[in-house]
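Enquirer: Right, I'll just put the structure down here and ask away after.
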There are 2 protein chains.
Amino acid sequence: MFREKLLKDMEFIIELDKMKSIFRKTHIIGEDRYEDDAQHSWHISIMAMILSEYTNEKIDLLKVIKMLLAHDLVEIYAGDVFCYDEQGYIDNKEKEIAAAEKIFGILDHEKADELRSLWDEFEEMKTHESIFANSMDRLQPMLNNYKNNGGTWQEYDVSKSDIYKRIEPVKHSSDELWCYVNYMIEDAFQKGLINKR
Amino acid sequence: MFREKLLKDMEFIIELDKMKSIFRKTHIIGEDRYEDDAQHSWHISIMAMILSEYTNEKIDLLKVIKMLLAHDLVEIYAGDVFCYDEQGYIDNKEKEIAAAEKIFGILDHEKADELRSLWDEFEEMKTHESIFANSMDRLQPMLNNYKNNGGTWQEYDVSKSDIYKRIEPVKHSSDELWCYVNYMIEDAFQKGLINKR
C-alpha cells in the first residue's frame, strides 16, 4: 500500500505543471515566445551544475539546485513580476508569502517546511548557496538578452547601472564569473544593446 | 581574468536554450500546447527531489538530478522520439550518440566526460540512480495523461500492457511508488482513459 502523504506528493507534482504556463519577460533566444518559469528553472539549475566550480567559497551544490528548482513555485499563484519593476517587487511580497503557504501547504508538514526554508533562504540571500543561486537566476536572462540583440534591456529601456545592480550577487559569489559578467555588459554596451543615457 | 573554458561553458549554456523549442508528445495539463524538453526536465528533476524518499535503496540524489537535468540534451540535435514508437527508438540511437558528441563536445574535456558518463549511465539503466531517474522520466508524462483524460494514451491508442512495460523501472526502484502506479493505471483503465482491447 501507499501512504496518504504520497497522494499529497502527487497532488503537488500535478499542481507544479502550472509552472509551464507562467510566462516571464525574457524571450527564448531567436524566438518571439517568452520563456516560462519551468524552462527558466531548468536552465538555471543546469547552469549551477556547470558553473559551480567557479565559486569563491565551497558550496553545497545539491542545496543550490533544490533551491533553484523550487524558487519560483510561488509564482503559480502570485505571478511573475519583471525584475526591473521595483515597486512591483515590494507590492508582491505579501502575495508571494500567501502563495508559498498555499503551494507548500499541499505537502505533508516535513516536506513543506523543507521547501519553505529553501525559499526563505533564497529570498534572504545571506548564505553562500543562496547568493550563488541568485547569481544563476539573474545571469540567465542576461545571457538571453545579450544573444537577443538587447532583448528586454531594449524593450524596457533598462540602464547599464540597473543591469549592474541586478547582477551584483555574482560579484559576491565568484570573482571569475564577475569578470565575465563585466566583459559581457561592457561588450553589450559598446554594441548598442544597452541604451546610452 | 576568466579562462577559455568559461567561454566554452557560456557557449554551452546558450546552446541549451534550444531545449525550450524541442517539443514532446505530452500535453501540458488542460492545455493544447505540447510540453518541451526544458519544461519536462525541470518537472522530473523536482519530482526526484520530492519522491526520492520512497526508493527501496539509498540513492545519491545529486547524481540523479544531474542525470535528469542533462538526459535529454542530445535531443537538441537528434529530436524527440515518441516513447511508444519502438522502431523509432532503435533508428535514433546512432543519431543520439552523434548528438552527444556534438553537444558535450562544446565543453572542456573534463566536463564533457562527466556529462557523457551521466548520459550513458541513464541510458544503460543498471545503477539504482539511473533506474530511479528513468522512473521519474516515465512517470511524469503518465501523470499528465492521467489528468488529461488519457492524453496521448488516447491519441495514439496505447494499450495497457504497453503502459505497464514502459513504467517498469518504477517496479525496480520503489515498492511504494509501484503500488501507486498500479492504482493509477487501473483507475485510468476503469475510467476508460486507456482503451480496452
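The chains in the C-alpha cells are called A, B, ... from first to last as shown; in each chain the residues are counted from 1, and the ligands are counted from 1 in the order shown.
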So which residues touch segment 21-34 of chain B within 10 Å, counting only C-alpha atoms, skipping near sequence neighbours fewer than 4 positions away, as an NGL selection string?

Expert: (:A and (14-15 or 17-21 or 28-29 or 31 or 33)) or (:B and (17 or 38-40 or 72-73 or 75-83 or 140-149 or 151-153 or 155-156))

Enquirer: Residues of chain B near chain A: apply a cut-off of 7 Å, count only C-alpha atoms, and supply the list as number ranges by chain.

Expert: B: 1-2, 9, 13, 17, 20, 28-29, 38-39, 41-42, 46-47, 50, 62, 69, 176, 179-180

Enquirer: Just N, CA, C and O atoms for this one: save the residues we selected as an mmCIF file, in the first residue's frame.

Expert:
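Ended up saving to result.cif:
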```cif
data_model
loop_
_atom_site.group_PDB
_atom_site.id
_atom_site.type_symbol
_atom_site.label_atom_id
_atom_site.label_comp_id
_atom_site.auth_asym_id
_atom_site.auth_seq_id
_atom_site.Cartn_x
_atom_site.Cartn_y
_atom_site.Cartn_z
ATOM 1 N N MET B 1 40.923 37.906 -14.547
ATOM 2 C CA MET B 1 40.564 37.395 -15.880
ATOM 3 C C MET B 1 39.777 36.080 -15.792
ATOM 4 O O MET B 1 39.799 35.413 -14.779
ATOM 5 N N PHE B 2 39.104 35.756 -16.879
ATOM 6 C CA PHE B 2 38.429 34.454 -16.930
ATOM 7 C C PHE B 2 39.098 33.564 -17.972
ATOM 8 O O PHE B 2 39.715 34.053 -18.912
ATOM 9 N N ASP B 9 31.900 27.107 -21.413
ATOM 10 C CA ASP B 9 30.715 26.872 -20.567
ATOM 11 C C ASP B 9 29.565 27.789 -20.985
ATOM 12 O O ASP B 9 28.406 27.370 -21.043
ATOM 13 N N ILE B 13 25.897 26.814 -22.333
ATOM 14 C CA ILE B 13 24.684 27.275 -21.633
ATOM 15 C C ILE B 13 23.737 27.967 -22.624
ATOM 16 O O ILE B 13 22.517 27.793 -22.560
ATOM 17 N N ASP B 17 19.591 26.690 -24.557
ATOM 18 C CA ASP B 17 18.315 27.403 -24.706
ATOM 19 C C ASP B 17 17.408 26.706 -25.725
ATOM 20 O O ASP B 17 16.183 26.817 -25.650
ATOM 21 N N LYS B 20 14.205 24.579 -25.090
ATOM 22 C CA LYS B 20 12.876 25.189 -24.903
ATOM 23 C C LYS B 20 12.028 25.120 -26.176
ATOM 24 O O LYS B 20 10.882 25.541 -26.186
ATOM 25 N N ILE B 28 0.681 19.751 -21.904
ATOM 26 C CA ILE B 28 0.602 20.388 -20.586
ATOM 27 C C ILE B 28 -0.814 20.156 -20.072
ATOM 28 O O ILE B 28 -1.758 20.134 -20.865
ATOM 29 N N ILE B 29 -0.976 19.961 -18.767
ATOM 30 C CA ILE B 29 -2.306 19.612 -18.232
ATOM 31 C C ILE B 29 -3.322 20.717 -18.545
ATOM 32 O O ILE B 29 -3.109 21.888 -18.235
ATOM 33 N N ALA B 38 12.794 21.325 -21.970
ATOM 34 C CA ALA B 38 13.251 22.091 -20.804
ATOM 35 C C ALA B 38 12.228 21.964 -19.672
ATOM 36 O O ALA B 38 12.583 21.686 -18.519
ATOM 37 N N GLN B 39 10.946 22.137 -20.015
ATOM 38 C CA GLN B 39 9.880 22.019 -19.013
ATOM 39 C C GLN B 39 9.864 20.613 -18.404
ATOM 40 O O GLN B 39 9.764 20.450 -17.183
ATOM 41 N N SER B 41 12.286 18.405 -18.288
ATOM 42 C CA SER B 41 13.491 18.123 -17.493
ATOM 43 C C SER B 41 13.401 18.784 -16.116
ATOM 44 O O SER B 41 13.857 18.228 -15.118
ATOM 45 N N TRP B 42 12.812 19.975 -16.079
ATOM 46 C CA TRP B 42 12.593 20.622 -14.782
ATOM 47 C C TRP B 42 11.620 19.807 -13.937
ATOM 48 O O TRP B 42 11.867 19.540 -12.759
ATOM 49 N N ILE B 46 12.478 18.083 -10.169
ATOM 50 C CA ILE B 46 11.841 18.418 -8.876
ATOM 51 C C ILE B 46 11.041 17.210 -8.362
ATOM 52 O O ILE B 46 10.960 16.974 -7.160
ATOM 53 N N MET B 47 10.515 16.391 -9.266
ATOM 54 C CA MET B 47 9.859 15.139 -8.841
ATOM 55 C C MET B 47 10.839 14.235 -8.096
ATOM 56 O O MET B 47 10.493 13.633 -7.073
ATOM 57 N N ILE B 50 11.225 15.367 -4.626
ATOM 58 C CA ILE B 50 10.046 15.099 -3.786
ATOM 59 C C ILE B 50 9.885 13.597 -3.506
ATOM 60 O O ILE B 50 9.470 13.204 -2.420
ATOM 61 N N LEU B 62 21.882 13.955 -5.715
ATOM 62 C CA LEU B 62 22.532 14.947 -6.589
ATOM 63 C C LEU B 62 22.842 14.325 -7.950
ATOM 64 O O LEU B 62 22.611 14.937 -8.995
ATOM 65 N N LEU B 69 18.637 16.532 -15.335
ATOM 66 C CA LEU B 69 18.795 17.856 -15.957
ATOM 67 C C LEU B 69 19.422 17.728 -17.341
ATOM 68 O O LEU B 69 19.152 18.528 -18.228
ATOM 69 N N GLU B 176 6.672 1.344 -2.993
ATOM 70 C CA GLU B 176 5.540 2.224 -2.680
ATOM 71 C C GLU B 176 5.071 2.997 -3.926
ATOM 72 O O GLU B 176 3.872 3.124 -4.173
ATOM 73 N N CYS B 179 3.221 0.664 -6.234
ATOM 74 C CA CYS B 179 1.847 0.454 -5.760
ATOM 75 C C CYS B 179 0.950 1.607 -6.246
ATOM 76 O O CYS B 179 -0.161 1.382 -6.745
ATOM 77 N N TYR B 180 1.466 2.841 -6.169
ATOM 78 C CA TYR B 180 0.701 3.992 -6.653
ATOM 79 C C TYR B 180 0.474 3.914 -8.165
ATOM 80 O O TYR B 180 -0.637 4.176 -8.654
#
```

Enquirer: Tell me, as a PyMOL selection string, which residues lie within 12 Å of Glu186 of chain A, counting only C-alpha atoms; anything in the same chain fewer than 4 positions away does not count.

Expert: chain A and resi 146+160-161+163-164+179-182+190-196

Enquirer: Please produce a file of the residues just selected, as a short mmCIF file (atom, residue, chain, number, x, y, z; two decimals), in the first residue's frame, where the atoms kept are all heavy atoms.

Expert:
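To be explicit, this is the file written out as result-v2.cif:
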```
data_model
loop_
_atom_site.label_atom_id
_atom_site.label_comp_id
_atom_site.auth_asym_id
_atom_site.auth_seq_id
_atom_site.Cartn_x
_atom_site.Cartn_y
_atom_site.Cartn_z
N TYR A 146 21.58 39.31 -24.08
CA TYR A 146 22.85 39.52 -24.81
C TYR A 146 22.79 38.87 -26.19
O TYR A 146 23.23 39.45 -27.19
CB TYR A 146 23.96 38.91 -23.96
CG TYR A 146 25.38 39.14 -24.46
CD1 TYR A 146 25.88 40.40 -24.75
CD2 TYR A 146 26.25 38.04 -24.57
CE1 TYR A 146 27.19 40.58 -25.17
CE2 TYR A 146 27.57 38.21 -24.98
CZ TYR A 146 28.04 39.49 -25.29
OH TYR A 146 29.34 39.66 -25.70
N LYS A 160 22.39 50.79 -17.95
CA LYS A 160 23.55 49.97 -17.59
C LYS A 160 23.69 49.87 -16.07
O LYS A 160 23.99 48.80 -15.53
CB LYS A 160 24.82 50.56 -18.22
CG LYS A 160 26.01 49.63 -18.11
CD LYS A 160 27.15 50.01 -19.04
CE LYS A 160 28.04 51.07 -18.43
NZ LYS A 160 29.37 51.16 -19.09
N SER A 161 23.43 50.94 -15.36
CA SER A 161 23.60 50.90 -13.90
C SER A 161 22.56 49.97 -13.26
O SER A 161 22.85 49.28 -12.28
CB SER A 161 23.55 52.30 -13.28
OG SER A 161 22.29 52.87 -13.52
N ILE A 163 21.37 47.31 -14.69
CA ILE A 163 21.84 45.95 -15.01
C ILE A 163 22.93 45.53 -14.02
O ILE A 163 22.90 44.44 -13.46
CB ILE A 163 22.33 45.87 -16.48
CG1 ILE A 163 21.15 46.11 -17.44
CG2 ILE A 163 23.01 44.53 -16.77
CD1 ILE A 163 21.54 46.29 -18.90
N TYR A 164 23.87 46.45 -13.76
CA TYR A 164 24.93 46.14 -12.79
C TYR A 164 24.36 45.89 -11.39
O TYR A 164 24.82 45.00 -10.67
CB TYR A 164 25.97 47.27 -12.74
CG TYR A 164 27.12 47.06 -13.72
CD1 TYR A 164 27.29 47.89 -14.82
CD2 TYR A 164 28.03 46.02 -13.53
CE1 TYR A 164 28.35 47.70 -15.72
CE2 TYR A 164 29.08 45.82 -14.43
CZ TYR A 164 29.23 46.66 -15.52
OH TYR A 164 30.27 46.45 -16.40
N CYS A 179 34.09 38.69 -13.51
CA CYS A 179 34.93 39.19 -14.58
C CYS A 179 34.24 38.98 -15.95
O CYS A 179 34.20 39.88 -16.78
CB CYS A 179 36.27 38.46 -14.50
SG CYS A 179 37.47 39.07 -15.64
N TYR A 180 33.65 37.80 -16.13
CA TYR A 180 32.92 37.52 -17.37
C TYR A 180 31.72 38.45 -17.53
O TYR A 180 31.46 38.99 -18.62
CB TYR A 180 32.47 36.05 -17.44
CG TYR A 180 31.61 35.81 -18.66
CD1 TYR A 180 32.19 35.60 -19.91
CD2 TYR A 180 30.22 35.85 -18.57
CE1 TYR A 180 31.41 35.44 -21.05
CE2 TYR A 180 29.43 35.68 -19.70
CZ TYR A 180 30.02 35.48 -20.93
OH TYR A 180 29.25 35.32 -22.06
N VAL A 181 30.98 38.63 -16.44
CA VAL A 181 29.78 39.47 -16.47
C VAL A 181 30.13 40.90 -16.87
O VAL A 181 29.45 41.53 -17.68
CB VAL A 181 29.06 39.42 -15.08
CG1 VAL A 181 28.16 40.61 -14.88
CG2 VAL A 181 28.28 38.12 -14.94
N ASN A 182 31.22 41.42 -16.30
CA ASN A 182 31.70 42.76 -16.67
C ASN A 182 32.00 42.86 -18.16
O ASN A 182 31.60 43.82 -18.82
CB ASN A 182 32.99 43.07 -15.90
CG ASN A 182 32.69 43.84 -14.65
OD1 ASN A 182 32.48 45.04 -14.69
ND2 ASN A 182 32.63 43.14 -13.54
N GLN A 190 28.92 48.58 -25.66
CA GLN A 190 29.67 49.04 -26.84
C GLN A 190 28.90 48.77 -28.13
O GLN A 190 28.93 49.55 -29.06
CB GLN A 190 31.03 48.32 -26.93
CG GLN A 190 32.06 48.72 -25.90
CD GLN A 190 32.33 50.23 -25.88
OE1 GLN A 190 32.42 50.85 -26.93
NE2 GLN A 190 32.42 50.81 -24.69
N LYS A 191 28.22 47.62 -28.15
CA LYS A 191 27.49 47.23 -29.36
C LYS A 191 26.11 47.91 -29.47
O LYS A 191 25.35 47.62 -30.39
CB LYS A 191 27.31 45.71 -29.40
CG LYS A 191 28.60 44.97 -29.72
CD LYS A 191 28.43 43.45 -29.61
CE LYS A 191 29.71 42.75 -30.07
NZ LYS A 191 29.85 41.40 -29.48
N GLY A 192 25.77 48.73 -28.48
CA GLY A 192 24.49 49.44 -28.52
C GLY A 192 23.30 48.58 -28.09
O GLY A 192 22.15 48.93 -28.34
N LEU A 193 23.56 47.43 -27.44
CA LEU A 193 22.45 46.58 -26.98
C LEU A 193 21.83 47.13 -25.68
O LEU A 193 20.75 46.74 -25.29
CB LEU A 193 22.94 45.14 -26.74
CG LEU A 193 23.74 44.47 -27.87
CD1 LEU A 193 24.09 43.04 -27.49
CD2 LEU A 193 22.93 44.48 -29.16
N ILE A 194 22.59 48.00 -25.02
CA ILE A 194 22.09 48.70 -23.84
C ILE A 194 22.11 50.18 -24.22
O ILE A 194 23.11 50.67 -24.76
CB ILE A 194 23.00 48.45 -22.62
CG1 ILE A 194 23.05 46.96 -22.27
CG2 ILE A 194 22.57 49.29 -21.42
CD1 ILE A 194 24.20 46.55 -21.35
N ASN A 195 21.01 50.88 -23.93
CA ASN A 195 20.92 52.28 -24.36
C ASN A 195 21.86 53.19 -23.56
O ASN A 195 22.00 53.04 -22.36
CB ASN A 195 19.48 52.79 -24.23
CG ASN A 195 18.57 52.11 -25.25
OD1 ASN A 195 19.04 51.63 -26.29
ND2 ASN A 195 17.27 52.05 -24.95
N LYS A 196 22.47 54.13 -24.27
CA LYS A 196 23.31 55.15 -23.62
C LYS A 196 22.39 56.23 -23.06
O LYS A 196 21.36 56.55 -23.61
CB LYS A 196 24.29 55.75 -24.63
CG LYS A 196 25.35 54.76 -25.10
CD LYS A 196 26.54 55.45 -25.80
CE LYS A 196 27.75 54.53 -25.93
NZ LYS A 196 27.52 53.35 -26.78
#
```

Enquirer: May I ask for the distance between atom CA of Ala48 of chain B and atom CA of Glu129 of chain B, given in Å to one decimal place?

Expert: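 The value is 10.3 Å.
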
Enquirer: How would you write, as a VMD selection string, the set of residues in chain A that DSSP gives as alpha helix (DSSP H)?

Expert: chain A and resid 4 to 15 37 to 51 61 to 70 75 to 78 86 to 104 109 to 124 128 to 147 151 to 155 160 to 166 168 to 173 175 to 190

Enquirer: Among chain B, which residues does DSSP mark as strand (DSSP E) when it is run on the backbone? Keep the chain and numbering as in the structure and answer as a list in words.

Expert: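 Of chain B, only Phe23, Arg24, Lys25, Thr26, His27, Tyr34, Glu35 and Asp36 of chain B fall in strand (DSSP E).
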
Enquirer: Take the residues from that selection and put them in a file with all heavy atoms, as a compact mmCIF listing (two decimals), in the first residue's frame.

Expert:
```txt
# COMPACT_ATOMS: atom_id res chain seq x y z
N PHE B 23 9.84 20.02 -28.86
CA PHE B 23 8.53 19.65 -28.33
C PHE B 23 8.35 18.14 -28.24
O PHE B 23 8.82 17.39 -29.11
CB PHE B 23 7.42 20.31 -29.14
CG PHE B 23 7.45 21.80 -28.97
CD1 PHE B 23 8.05 22.62 -29.92
CD2 PHE B 23 6.93 22.38 -27.83
CE1 PHE B 23 8.13 24.00 -29.74
CE2 PHE B 23 7.00 23.76 -27.63
CZ PHE B 23 7.59 24.57 -28.59
N ARG B 24 7.69 17.72 -27.19
CA ARG B 24 7.43 16.32 -26.91
C ARG B 24 5.99 15.98 -27.30
O ARG B 24 5.28 16.82 -27.82
CB ARG B 24 7.66 16.08 -25.42
CG ARG B 24 9.10 16.40 -25.00
CD ARG B 24 9.23 16.49 -23.49
NE ARG B 24 8.65 15.35 -22.83
CZ ARG B 24 9.23 14.16 -22.69
NH1 ARG B 24 10.45 13.97 -23.12
NH2 ARG B 24 8.60 13.16 -22.10
N LYS B 25 5.59 14.74 -27.04
CA LYS B 25 4.23 14.34 -27.40
C LYS B 25 3.23 14.53 -26.25
O LYS B 25 2.04 14.26 -26.40
CB LYS B 25 4.20 12.87 -27.85
CG LYS B 25 4.88 12.62 -29.20
CD LYS B 25 3.96 13.01 -30.36
CE LYS B 25 4.66 12.84 -31.69
NZ LYS B 25 5.76 13.84 -31.88
N THR B 26 3.71 14.96 -25.10
CA THR B 26 2.84 15.12 -23.94
C THR B 26 2.25 16.53 -23.89
O THR B 26 2.98 17.51 -24.08
CB THR B 26 3.65 14.89 -22.64
OG1 THR B 26 4.38 13.68 -22.77
CG2 THR B 26 2.74 14.82 -21.42
N HIS B 27 0.95 16.61 -23.62
CA HIS B 27 0.32 17.93 -23.46
C HIS B 27 0.51 18.43 -22.02
O HIS B 27 0.47 17.64 -21.08
CB HIS B 27 -1.18 17.85 -23.73
CG HIS B 27 -1.50 17.66 -25.17
ND1 HIS B 27 -1.45 18.68 -26.09
CD2 HIS B 27 -1.86 16.56 -25.87
CE1 HIS B 27 -1.78 18.22 -27.28
NE2 HIS B 27 -2.02 16.92 -27.18
N TYR B 34 1.95 21.38 -26.44
CA TYR B 34 2.81 20.27 -26.04
C TYR B 34 3.87 20.80 -25.09
O TYR B 34 4.33 21.94 -25.24
CB TYR B 34 3.51 19.66 -27.26
CG TYR B 34 2.60 18.86 -28.14
CD1 TYR B 34 2.21 19.33 -29.39
CD2 TYR B 34 2.12 17.61 -27.71
CE1 TYR B 34 1.36 18.58 -30.20
CE2 TYR B 34 1.27 16.86 -28.53
CZ TYR B 34 0.90 17.35 -29.77
OH TYR B 34 0.06 16.61 -30.55
N GLU B 35 4.30 19.98 -24.15
CA GLU B 35 5.42 20.43 -23.31
C GLU B 35 6.72 20.25 -24.09
O GLU B 35 6.79 19.48 -25.05
CB GLU B 35 5.46 19.69 -21.97
CG GLU B 35 5.82 18.25 -22.03
CD GLU B 35 6.09 17.62 -20.65
OE1 GLU B 35 5.96 18.31 -19.63
OE2 GLU B 35 6.42 16.43 -20.62
N ASP B 36 7.75 21.01 -23.68
CA ASP B 36 9.06 20.88 -24.34
C ASP B 36 10.06 20.22 -23.39
O ASP B 36 9.76 19.97 -22.22
CB ASP B 36 9.53 22.25 -24.84
CG ASP B 36 9.65 23.26 -23.73
OD1 ASP B 36 10.40 22.99 -22.77
OD2 ASP B 36 8.98 24.31 -23.79
```

Enquirer: Residues at most 8 Å from Ile59 of chain B, counting only C-alpha atoms, excluding those fewer than 4 positions away in the same chain, as an MDAnalysis selection string?

Expert: chainID B and resid 52 55 64 128:129

Enquirer: Write the residues you've just listed into a file as an mmCIF file, in the first residue's frame, and include N, CA, C and O atoms for each of them.

Expert:
```cif
data_model
loop_
_atom_site.group_PDB
_atom_site.id
_atom_site.type_symbol
_atom_site.label_atom_id
_atom_site.label_comp_id
_atom_site.auth_asym_id
_atom_site.auth_seq_id
_atom_site.Cartn_x
_atom_site.Cartn_y
_atom_site.Cartn_z
ATOM 1 N N SER B 52 12.247 10.997 -3.802
ATOM 2 C CA SER B 52 13.417 10.145 -3.524
ATOM 3 C C SER B 52 13.289 9.399 -2.199
ATOM 4 O O SER B 52 13.887 8.342 -2.022
ATOM 5 N N THR B 55 12.426 5.466 -2.450
ATOM 6 C CA THR B 55 13.223 4.423 -3.111
ATOM 7 C C THR B 55 13.534 3.270 -2.154
ATOM 8 O O THR B 55 13.719 3.479 -0.950
ATOM 9 N N VAL B 64 21.298 11.780 -9.353
ATOM 10 C CA VAL B 64 20.021 11.573 -10.057
ATOM 11 C C VAL B 64 19.575 12.873 -10.730
ATOM 12 O O VAL B 64 19.205 12.888 -11.909
ATOM 13 N N HIS B 128 21.182 1.991 -9.258
ATOM 14 C CA HIS B 128 19.975 2.453 -8.541
ATOM 15 C C HIS B 128 19.596 3.872 -8.978
ATOM 16 O O HIS B 128 18.415 4.184 -9.145
ATOM 17 N N GLU B 129 20.621 4.726 -9.150
ATOM 18 C CA GLU B 129 20.348 6.122 -9.521
ATOM 19 C C GLU B 129 19.681 6.220 -10.899
ATOM 20 O O GLU B 129 18.719 6.951 -11.084
#
```

Enquirer: For a test of reading the model, state the distance in Å between atom CA of Phe189 of chain B and atom CA of His172 of chain B, rounded to one decimal.

Expert: 22.7 Å

Enquirer: So how far away is atom CA of Asp120 of chain A from atom CA of Ser174 of chain A, in Å?

Expert: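 One can read the atom CA of Ser174 of chain A to atom CA of Asp120 of chain A distance as 22.2 Å.
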